[in-house]
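File shown: protein-v6.txt. Contents: compact mmCIF, C-alpha atoms.
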# COMPACT_ATOMS: atom_id res chain seq x y z
CA MET A 164 11.16 3.95 15.15
CA GLU A 165 10.22 7.41 16.38
CA LYS A 166 6.50 8.07 16.12
CA SER A 167 6.80 11.30 14.11
CA LEU A 168 7.19 9.61 10.72
CA PRO A 169 4.34 7.05 11.12
CA LEU A 170 2.07 9.86 12.32
CA LYS A 171 2.98 11.97 9.29
CA ILE A 172 2.33 9.06 6.92
CA PHE A 173 -0.99 8.41 8.67
CA GLU A 174 -2.11 11.87 7.47
CA GLY A 175 -2.67 10.20 4.10
CA PHE A 176 -5.96 8.91 5.54
CA SER A 177 -7.15 12.51 5.98
CA ILE A 178 -6.34 13.92 2.55
CA GLN A 179 -9.57 14.02 0.60
CA ARG A 180 -9.55 13.45 -3.15
CA TRP A 181 -12.03 15.02 -5.59
CA ASN A 182 -13.42 17.17 -2.80
CA ASP A 183 -15.00 19.59 -5.27
CA LEU A 184 -17.35 16.87 -6.55
CA VAL A 185 -20.18 14.75 -5.16
CA ARG A 186 -18.59 11.55 -3.84
CA PRO A 187 -20.51 8.30 -3.30
CA PHE A 188 -17.93 7.24 -0.68
CA GLU A 189 -14.88 8.75 1.03
CA MET A 190 -11.99 9.00 -1.41
CA VAL A 191 -8.67 9.60 0.32
CA GLU A 192 -5.05 9.61 -0.72
CA MET A 193 -4.08 6.45 1.18
CA ASP A 194 -6.69 4.46 -0.74
CA LYS A 195 -5.49 5.80 -4.09
CA ALA A 196 -1.91 4.85 -3.15
CA GLY A 197 -3.08 1.33 -2.30
CA GLU A 198 -5.02 0.84 -5.53
CA ARG A 199 -2.13 2.23 -7.60
CA MET A 200 0.22 -0.40 -6.18
CA VAL A 201 -2.28 -3.23 -6.72
CA LEU A 202 -2.55 -2.12 -10.35
CA ALA A 203 1.22 -1.72 -10.68
CA TYR A 204 1.66 -5.28 -9.41
CA LEU A 205 -0.85 -6.69 -11.88
CA ILE A 206 0.48 -4.73 -14.88
CA GLY A 207 4.09 -5.43 -13.91
CA LYS A 208 3.49 -9.20 -13.65
CA TYR A 209 2.21 -9.26 -17.22
CA GLU A 210 5.33 -7.40 -18.37
CA GLU A 211 7.62 -9.77 -16.47
CA ALA A 212 5.93 -12.71 -18.20
CA LYS A 213 6.94 -11.13 -21.52
CA GLY A 214 10.58 -10.99 -20.40
CA LYS A 215 10.62 -7.32 -19.38
CA LYS A 216 12.69 -6.33 -16.34
CA ILE A 217 10.59 -4.73 -13.58
CA ASP A 218 12.44 -3.09 -10.70
CA TRP A 219 9.93 -3.82 -7.93
CA ASN A 220 12.24 -2.31 -5.33
CA TRP A 221 12.19 1.05 -7.10
CA MET A 222 8.43 0.87 -7.52
CA ILE A 223 7.85 0.18 -3.82
CA TYR A 224 9.91 3.15 -2.72
CA ALA A 225 8.31 5.34 -5.40
CA SER A 226 4.88 4.58 -3.93
CA VAL A 227 6.06 5.70 -0.48
CA PHE A 228 7.78 8.83 -1.79
CA ASP A 229 4.72 9.83 -3.84
CA LEU A 230 2.56 9.56 -0.72
CA LEU A 231 5.00 11.67 1.30
CA ARG A 232 5.08 14.27 -1.46
CA LYS A 233 1.28 14.32 -1.69
CA ILE A 234 0.96 14.79 2.08
CA ALA A 235 3.27 17.80 1.92
CA LEU A 236 1.56 19.32 -1.14
CA CYS A 237 -2.05 18.32 -0.47
CA ASP A 238 -3.30 21.90 -0.85
CA ILE A 239 -1.94 22.25 -4.41
CA LYS A 240 -4.02 20.44 -7.02
CA ALA A 241 -2.25 18.25 -9.58
CA PRO A 242 -3.15 20.50 -12.59
CA VAL A 243 -1.62 23.49 -10.78
CA GLN A 244 1.55 21.51 -10.09
CA GLN A 245 1.74 20.50 -13.75
CA MET A 246 1.44 24.14 -14.83
CA LEU A 247 4.13 25.14 -12.36
CA LYS A 248 6.46 22.46 -13.73
CA LYS A 249 5.84 23.53 -17.33
CA GLU A 250 5.66 27.32 -17.04
CA PHE A 251 7.65 28.12 -13.88
CA PRO A 252 10.38 25.44 -13.65
CA ASN A 253 12.53 27.34 -11.17
CA GLU A 254 9.66 27.80 -8.74
CA TYR A 255 8.70 24.16 -9.21
CA LEU A 256 12.24 23.12 -8.32
CA ARG A 257 12.15 25.26 -5.19
CA LEU A 258 8.78 23.77 -4.26
CA ASN A 259 10.27 20.28 -4.40
CA GLU A 260 13.23 21.39 -2.29
CA TRP A 261 10.70 22.66 0.24
CA VAL A 262 9.04 19.22 0.27
CA LEU A 263 12.38 17.58 1.09
CA ASN A 264 12.99 20.07 3.89
CA GLN A 265 9.68 19.09 5.48
CA TYR A 266 10.95 15.53 5.90
CA ARG A 267 14.63 16.00 6.72
CA ALA A 268 13.97 15.93 10.49
CA LEU A 269 11.48 13.05 10.20
CA ILE A 270 13.53 10.63 8.09
CA LYS A 271 16.58 9.54 10.08
CA ASP A 272 17.52 6.83 7.59
CA ASP A 273 20.15 8.42 5.30
CA PHE A 274 19.65 5.79 2.58
CA LEU A 275 15.91 6.44 2.56
CA PHE A 276 16.28 10.21 2.47
CA SER A 277 18.91 10.03 -0.26
CA ASN A 278 16.60 7.95 -2.44
CA PHE A 279 13.71 10.29 -1.64
CA THR A 280 15.87 13.20 -2.84
CA ILE A 281 16.74 11.40 -6.08
CA TYR A 282 13.09 10.52 -6.69
CA ILE A 283 11.93 14.09 -6.11
CA GLY A 284 14.64 15.26 -8.50
CA GLN A 285 13.46 12.82 -11.13
CA LYS A 286 9.86 14.00 -10.71
CA ALA A 287 11.01 17.60 -11.09
CA GLY A 288 13.05 16.77 -14.18
CA SER A 289 16.37 17.84 -12.65
CA PHE A 290 17.63 14.21 -12.51
CA SER A 291 17.40 11.88 -15.48
CA ILE A 292 15.81 8.46 -15.21
CA PRO A 293 18.30 5.63 -15.92
CA GLU A 294 17.55 3.67 -19.09
CA GLU A 295 17.14 0.39 -17.19
CA LEU A 296 14.38 1.96 -15.05
CA LYS A 297 12.29 3.44 -17.84
CA HIS A 298 9.98 0.46 -18.38
CA THR A 299 9.36 0.16 -14.63
CA VAL A 300 8.49 3.87 -14.51
CA HIS A 301 6.23 3.34 -17.53
CA VAL A 302 4.34 0.58 -15.68
CA TYR A 303 4.10 2.61 -12.47
CA ASN A 304 2.81 5.71 -14.28
CA ALA A 305 0.27 3.61 -16.16
CA ALA A 306 -1.03 2.25 -12.85
CA ASP A 307 -1.29 5.79 -11.50
CA LYS A 308 -3.21 7.05 -14.53
CA TYR A 309 -5.58 4.09 -14.53
CA ALA A 310 -6.22 4.37 -10.78
CA THR A 311 -7.32 7.96 -11.40
CA ILE A 312 -9.56 6.86 -14.28
CA ARG A 313 -11.20 4.29 -12.02
CA GLU A 314 -11.95 6.98 -9.43
CA LEU A 315 -13.47 9.15 -12.13
CA GLU A 316 -15.65 6.29 -13.38
CA MET A 317 -17.00 5.74 -9.88
CA LEU A 318 -17.67 9.46 -9.45
CA GLU A 319 -19.52 9.77 -12.77
CA VAL A 320 -22.41 7.77 -11.33
CA VAL A 321 -23.43 10.60 -8.98
CA ASN A 322 -22.24 13.73 -10.80
CA GLU A 323 -23.63 15.57 -13.83
CA LYS A 324 -21.66 14.62 -16.94
CA GLU A 325 -20.94 18.31 -17.64
CA ARG A 326 -18.60 18.39 -14.63
CA PHE A 327 -16.39 15.75 -16.23
CA ALA A 328 -16.13 16.62 -19.90
CA ASN A 329 -12.67 18.21 -19.75
CA ILE A 330 -11.27 15.93 -17.04
CA ASP A 331 -12.40 12.78 -18.83
CA ASN A 332 -10.89 13.90 -22.16
CA GLU A 333 -7.59 14.76 -20.49
CA LEU A 334 -7.36 11.43 -18.69
CA ARG A 335 -8.25 9.43 -21.81
CA THR A 336 -5.53 11.33 -23.67
CA ASP A 337 -3.03 10.83 -20.86
CA ILE A 338 -3.54 7.05 -20.81
CA GLN A 339 -2.87 6.61 -24.55
CA PRO A 340 0.95 6.33 -24.32
CA TYR A 341 0.56 3.36 -21.95
CA LEU A 342 -1.72 1.20 -24.07
CA ASP A 343 1.25 -0.88 -25.20
CA LEU A 344 0.96 -2.62 -21.80
CA GLU A 345 -1.00 -5.85 -22.15
CA ALA A 346 -2.64 -5.80 -18.73
CA LEU A 347 -3.74 -2.19 -19.17
CA GLN A 348 -5.39 -3.13 -22.47
CA LYS A 349 -7.26 -5.88 -20.65
CA LEU A 350 -8.32 -3.50 -17.89
CA MET A 351 -9.49 -0.82 -20.32
CA THR A 352 -11.55 -3.36 -22.26
CA ARG A 353 -12.96 -4.80 -19.01
CA GLN A 354 -11.75 -8.37 -19.30
CA LYS A 355 -11.10 -10.80 -16.42
CA GLU A 356 -8.39 -8.55 -14.96
CA PHE A 357 -10.96 -5.78 -14.59
CA GLU A 358 -13.24 -8.12 -12.64
CA PHE A 359 -10.34 -8.90 -10.29
CA ILE A 360 -9.70 -5.19 -9.71
CA LEU A 361 -13.43 -4.68 -9.08
CA LYS A 362 -13.21 -7.22 -6.26
CA ILE A 363 -10.17 -5.54 -4.75
CA GLU A 364 -11.84 -2.12 -5.03
CA GLN A 365 -14.48 -3.36 -2.62
CA LEU A 366 -11.78 -2.98 0.05
CA ARG A 367 -12.05 0.79 -0.54
CA PHE A 368 -15.70 0.71 0.46
CA GLN A 369 -15.20 -1.36 3.62
CA THR A 370 -14.60 0.74 6.72
CA ARG A 371 -12.49 -0.65 9.53
CA TRP A 372 -13.88 -0.53 13.10
CA ASN A 373 -17.28 -0.22 11.43
CA GLN A 374 -19.12 -0.65 14.74
CA THR A 375 -17.95 2.72 16.06
CA PRO A 376 -17.56 6.35 14.91
CA ARG A 377 -13.91 7.22 14.30
CA VAL A 378 -11.75 10.04 12.88
CA PRO A 379 -10.33 9.61 10.37
CA GLU A 380 -12.23 6.66 9.02
CA THR A 381 -9.96 4.16 7.31
CA SER A 382 -10.78 1.65 4.61
CA VAL A 383 -9.38 -1.87 4.44
CA LEU A 384 -7.40 -1.04 1.28
CA GLY A 385 -5.87 2.09 2.78
CA HIS A 386 -5.03 0.14 5.93
CA CYS A 387 -3.27 -2.51 3.82
CA PHE A 388 -1.11 0.09 2.09
CA PHE A 389 -0.22 1.71 5.43
CA VAL A 390 0.75 -1.73 6.80
CA ALA A 391 2.93 -2.29 3.71
CA VAL A 392 4.73 1.03 4.23
CA MET A 393 5.29 0.33 7.93
CA THR A 394 6.58 -3.17 7.10
CA LEU A 395 9.08 -1.64 4.67
CA LEU A 396 10.30 1.00 7.15
CA LEU A 397 10.49 -1.26 10.20
CA GLY A 398 12.20 -3.90 8.09
CA ARG A 399 14.88 -1.39 7.17
CA GLU A 400 15.42 -0.60 10.86
CA THR A 401 15.69 -4.21 12.00
CA ASN A 402 17.78 -5.46 9.08
CA PRO A 403 18.92 -2.98 6.42
CA ASP A 404 20.71 -5.85 4.66
CA MET A 405 17.57 -7.77 3.66
CA CYS A 406 17.90 -9.30 0.21
CA GLU A 407 15.89 -7.63 -2.56
CA ARG A 408 13.31 -10.41 -2.82
CA ARG A 409 12.65 -10.28 0.93
CA VAL A 410 11.92 -6.55 0.78
CA ILE A 411 9.57 -7.07 -2.17
CA ASN A 412 7.81 -10.06 -0.60
CA ASN A 413 7.36 -8.23 2.71
CA PHE A 414 5.76 -5.23 1.02
CA PHE A 415 3.34 -7.16 -1.18
CA SER A 416 2.50 -9.67 1.55
CA ALA A 417 1.46 -6.70 3.66
CA LEU A 418 -0.40 -5.03 0.78
CA PHE A 419 -2.43 -8.19 0.13
CA HIS A 420 -2.74 -9.48 3.70
CA ASP A 421 -6.46 -8.62 3.88
CA LEU A 422 -7.26 -9.67 0.32
CA PRO A 423 -9.80 -12.32 1.46
CA GLU A 424 -11.91 -9.50 2.92
CA ALA A 425 -12.70 -8.43 -0.65
CA VAL A 426 -15.12 -11.36 -0.69
CA THR A 427 -15.70 -12.07 3.02
CA ARG A 428 -15.85 -8.49 4.41
CA ASP A 429 -14.04 -7.45 7.57
CA ILE A 430 -14.85 -9.70 10.52
CA ILE A 431 -13.85 -7.70 13.60
CA SER A 432 -11.33 -9.26 16.01
CA PRO A 433 -13.68 -9.69 19.02
CA VAL A 434 -16.04 -11.74 16.84
CA LYS A 435 -13.20 -13.82 15.38
CA GLN A 436 -12.01 -14.62 18.90
CA ALA A 437 -15.44 -15.34 20.41
CA THR A 438 -14.46 -19.02 20.81
CA ASP A 439 -11.09 -20.78 20.86
CA ASP A 440 -11.71 -22.61 17.59
CA LEU A 441 -13.39 -19.75 15.71
CA PRO A 442 -10.18 -18.07 14.35
CA ASN A 443 -9.14 -21.29 12.58
CA ILE A 444 -12.67 -21.92 11.35
CA VAL A 445 -12.96 -18.36 9.98
CA LYS A 446 -9.59 -18.74 8.24
CA LYS A 447 -10.71 -22.00 6.65
CA ILE A 448 -13.95 -20.44 5.43
CA GLU A 449 -12.05 -17.42 4.07
CA ASP A 450 -9.71 -19.71 2.14
CA GLU A 451 -12.66 -21.60 0.64
CA ILE A 452 -14.39 -18.40 -0.46
CA VAL A 453 -11.16 -17.00 -1.91
CA ASN A 454 -10.62 -20.21 -3.92
CA LYS A 455 -14.17 -20.00 -5.22
CA GLU A 456 -14.53 -16.27 -5.95
CA LEU A 457 -11.04 -14.73 -6.30
CA VAL A 458 -8.73 -17.43 -7.61
CA PRO A 459 -10.67 -17.88 -10.91
CA LEU A 460 -10.10 -14.16 -11.60
CA MET A 461 -6.32 -14.33 -11.08
CA ASP A 462 -3.99 -14.96 -13.98
CA LYS A 463 -1.45 -17.78 -13.76
CA LYS A 464 1.28 -15.15 -14.17
CA TYR A 465 0.89 -14.21 -10.52
CA LEU A 466 -1.57 -16.71 -9.00
CA ASP A 467 0.99 -18.86 -7.16
CA GLU A 468 2.79 -15.82 -5.80
CA MET A 469 -0.46 -14.23 -4.66
CA LEU A 470 -1.46 -17.40 -2.81
CA PHE A 471 1.99 -17.49 -1.21
CA TYR A 472 1.43 -13.93 0.01
CA THR A 473 -2.06 -14.56 1.39
CA SER A 474 -1.77 -18.07 2.84
CA ASP A 475 -0.45 -18.23 6.41
CA GLU A 476 0.29 -14.55 5.90
CA PHE A 477 1.56 -13.82 9.42
CA SER A 478 4.27 -16.49 9.61
CA ASN A 479 7.95 -16.12 8.76
CA ARG A 480 8.38 -18.39 5.77
CA ILE A 481 10.47 -19.34 2.78
CA ILE A 482 10.15 -21.52 -0.31
CA ASP A 483 12.89 -24.12 -0.09
CA LEU A 484 14.87 -25.40 -3.07
CA ASN A 485 12.33 -28.19 -3.54
CA GLY A 486 9.52 -25.66 -3.95
CA LYS A 487 7.96 -26.35 -0.55
CA VAL A 488 6.77 -23.50 1.72
CA ARG A 489 8.43 -23.75 5.14
CA THR A 490 7.92 -21.79 8.36
CA VAL A 491 11.19 -20.52 9.82
CA THR A 492 12.41 -18.32 12.67
CA TRP A 493 13.59 -14.74 12.23
CA GLU A 494 17.11 -15.84 13.09
CA GLU A 495 16.96 -18.41 10.30
CA LEU A 496 15.64 -15.77 7.89
CA ASN A 497 18.69 -13.63 8.64
CA LYS A 498 21.39 -16.30 8.84
CA SER A 499 20.39 -18.99 6.36
CA TYR A 500 17.62 -17.77 4.07
CA ASN A 501 18.32 -14.08 3.40
CA LYS A 502 18.76 -14.86 -0.29
CA ASP A 503 16.48 -14.20 -3.25
CA GLU A 504 16.28 -17.89 -4.21
CA PHE A 505 14.48 -18.71 -0.93
CA ASN A 506 11.71 -16.09 -1.37
CA PRO A 507 11.87 -15.09 2.32
CA VAL A 508 8.96 -13.29 4.00
CA ASP A 509 8.85 -11.63 7.44
CA GLY A 510 5.22 -12.56 8.07
CA ARG A 511 5.45 -11.90 11.80
CA LEU A 512 6.64 -8.36 11.01
CA VAL A 513 3.57 -7.90 8.79
CA ARG A 514 1.43 -8.91 11.78
CA VAL A 515 3.19 -6.41 14.06
CA CYS A 516 2.55 -3.65 11.50
CA ASP A 517 -1.07 -4.78 11.13
CA HIS A 518 -1.48 -4.32 14.90
CA LEU A 519 0.46 -1.04 14.78
CA SER A 520 -1.99 0.30 12.20
CA ALA A 521 -4.97 -0.80 14.32
CA LEU A 522 -3.45 0.86 17.38
CA MET A 523 -2.93 4.13 15.53
CA GLU A 524 -6.44 4.02 14.08
CA ALA A 525 -7.89 3.80 17.59
CA GLU A 526 -5.43 6.12 19.34
CA ILE A 527 -5.63 8.97 16.83
CA SER A 528 -9.42 8.98 16.92
CA ILE A 529 -9.39 9.00 20.72
CA LYS A 530 -6.99 11.95 20.69
CA HIS A 531 -9.33 13.75 18.27
CA GLY A 532 -12.06 13.36 20.90
CA ILE A 533 -14.04 10.72 18.99
CA THR A 534 -14.00 7.69 21.26
CA SER A 535 -16.06 4.70 22.32
CA THR A 536 -15.80 1.56 24.39
CA HIS A 537 -14.82 -0.34 21.25
CA LEU A 538 -11.89 1.98 20.60
CA THR A 539 -10.59 2.13 24.16
CA VAL A 540 -10.90 -1.63 24.68
CA GLY A 541 -9.21 -2.25 21.32
CA ARG A 542 -6.42 0.23 22.06
CA ASN A 543 -5.75 -1.19 25.52
CA GLY A 544 -5.88 -4.75 24.22
CA LEU A 545 -3.22 -3.97 21.62
CA LEU A 546 -1.01 -2.27 24.21
CA HIS A 547 -1.10 -5.42 26.34
CA HIS A 548 -1.00 -7.93 23.51
CA TYR A 549 2.79 -8.12 23.49
CA LYS A 550 4.89 -8.85 26.57
CA GLU A 551 7.31 -6.25 27.90
CA ASN A 552 10.61 -6.45 25.98
CA GLU A 553 9.20 -9.11 23.64
CA ILE A 554 11.21 -8.96 20.42
CA ILE A 555 9.49 -9.99 17.20
CA ASN A 556 11.57 -9.94 14.02
CA GLY A 557 13.91 -7.45 15.68
CA VAL A 558 11.17 -5.11 16.93
CA ASN A 559 10.56 -4.40 20.63
CA VAL A 560 6.83 -4.22 20.00
CA ASN A 561 5.63 -3.21 23.45
CA LYS A 562 8.12 -0.33 23.53
CA LEU A 563 7.14 0.79 20.01
CA PHE A 564 3.41 0.71 20.81
CA ASN A 565 3.82 2.66 24.03
CA GLU A 566 5.88 5.32 22.22
CA ILE A 567 3.09 5.68 19.66
CA VAL A 568 0.51 6.50 22.38
CA SER A 569 2.83 8.61 24.57

Using structure tokens, write down the structure that the file contains.
Amino acid sequence: MEKSLPLKIFEGFSIQRWNDLVRPFEMVEMDKAGERMVLAYLIGKYEEAKGKKIDWNWMIYASVFDLLRKIALCDIKAPVQQMLKKEFPNEYLRLNEWVLNQYRALIKDDFLFSNFTIYIGQKAGSFSIPEELKHTVHVYNAADKYATIRELEMLEVVNEKERFANIDNELRTDIQPYLDLEALQKLMTRQKEFEFILKIEQLRFQTRWNQTPRVPETSVLGHCFFVAVMTLLLGRETNPDMCERRVINNFFSALFHDLPEAVTRDIISPVKQATDDLPNIVKKIEDEIVNKELVPLMDKKYLDEMLFYTSDEFSNRIIDLNGKVRTVTWEELNKSYNKDEFNPVDGRLVRVCDHLSALMEAEISIKHGITSTHLTVGRNGLLHHYKENEIINGVNVNKLFNEIVS
């Protein structure tokens, strides 16, 4: 992977949201993208339980394409874009063509760019949405609307109510068409599902590398979404023929890989590795706290899957035909278990992307001139963590990392 696309996606950590209002914490586009996909997962699982077909593959790519589009158009507020679409459709179409042109040189994957083009066309209204996708789009849009409402509710605490009168009315009106969705009803009426989202939202408040100044600061939730996107893109490079379930599992395993930190907070790597036994002890404690504080808030519709994603999250694994979770090699994933019925996960690829994100977080701050011993030691440690020419799940990690910092 050339570094230009990851660097462009990383800009999502620098795009400020609601920057004309008093904000109690940093609100950036990467965090909103992460929360939207957590909500989409929760709402979609309720719909699946009712027998509705959810195209998770489409939803995953939509989340990436929306972030890319937002990065390109960050200077144009959403209400302005909506007015352009409604009142100046030709200019709006040209604006979307301009967005695609910004990425043509960055996205070498023809399949990815083709799907990006189709998605942008659907957003612009020039391409119709297939009938079989409409409920998935409905769920995804509901998650987007509710994620915005949640931001507004957190902002209302520190802003005069007069600043929100029109915005609040518009959002409450916009959410009405989606209230047929069971999980959204539960969220809006603040039932158990709302308590679960409250826990996950704590990942927006937790800053990574919190012992050192850094630019841009990144939250745990934003980091998780970035890791999910990198897992998707690197997975396409190493094996574009992954089965659909493997792609989905990889993305959501990455999105939820730091879920325990919602209740344990981020324990920095040097502390975790202070003694040989401490990493395993910390993991055991995390599992106990998760079982006590998070599991009771999860619905049975997705509980088992969530635990599959978050337990032993950095191992390549499958669920065999007897329902038992098994650790396997990457070669076995490709040759024997690249089938939906085995629920394959490239956990080692998630770990590589977790380290890639950490490396970029340190390196980009250093290049901005905001550095510290913590950042340089962390950066250098990551550069030497993988042996030269060591291949993990098809990725030459040392080569990739050195290209990122070159």

Using all atoms listed in the file: which of A:Ile567, A:Leu470, A:Leu496, A:Leu258 has the shortest distance to A:Asp404 |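 Ranking A:Ile567, A:Leu470, A:Leu496, A:Leu258 by distance to A:Asp404, first place goes to A:Leu496.
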
For A:Ala212, which residue out of A:Val390, A:Leu296, A:Ala346, A:Val320 is the nearest one, using only C-alpha atoms?
->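 Smallest separation from A:Ala212 among the options: A:Ala346.
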
Closest to A:Ile312 among A:Ile330, A:Leu231, A:Leu484, A:Val300, using all atoms listed in the file?
-> A:Ile330

When you draw a straight line from atom CA of A:Arg267 to atom CA of A:Ser167, how long is it in Å?
->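 That distance, rounded to one decimal, is 11.7 Å.
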
d(atom CA of A:Lys550, atom CA of A:Thr490) in Å |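 Distance between the two atoms: 22.5 Å.
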
Length of the atom CA of A:Asp517 to atom CA of A:Ala225 vector [Å] | 21.5 Å

Closest pair table for stretch 190-229 of chain A residues within 10 Å of stretch 413-419 of chain A, only C-alpha atoms, as JSON lines:
{"residue": "A:Gly197", "atom": "CA", "partner": "A:Leu418", "partner_atom": "CA", "distance": 7.6}
{"residue": "A:Glu198", "atom": "CA", "partner": "A:Leu418", "partner_atom": "CA", "distance": 9.8}
{"residue": "A:Met200", "atom": "CA", "partner": "A:Leu418", "partner_atom": "CA", "distance": 8.4}
{"residue": "A:Val201", "atom": "CA", "partner": "A:Leu418", "partner_atom": "CA", "distance": 7.9}
{"residue": "A:Tyr204", "atom": "CA", "partner": "A:Phe415", "partner_atom": "CA", "distance": 8.6}
{"residue": "A:Trp219", "atom": "CA", "partner": "A:Phe414", "partner_atom": "CA", "distance": 10.0}
{"residue": "A:Asn220", "atom": "CA", "partner": "A:Phe414", "partner_atom": "CA", "distance": 9.5}
{"residue": "A:Ile223", "atom": "CA", "partner": "A:Phe414", "partner_atom": "CA", "distance": 7.6}
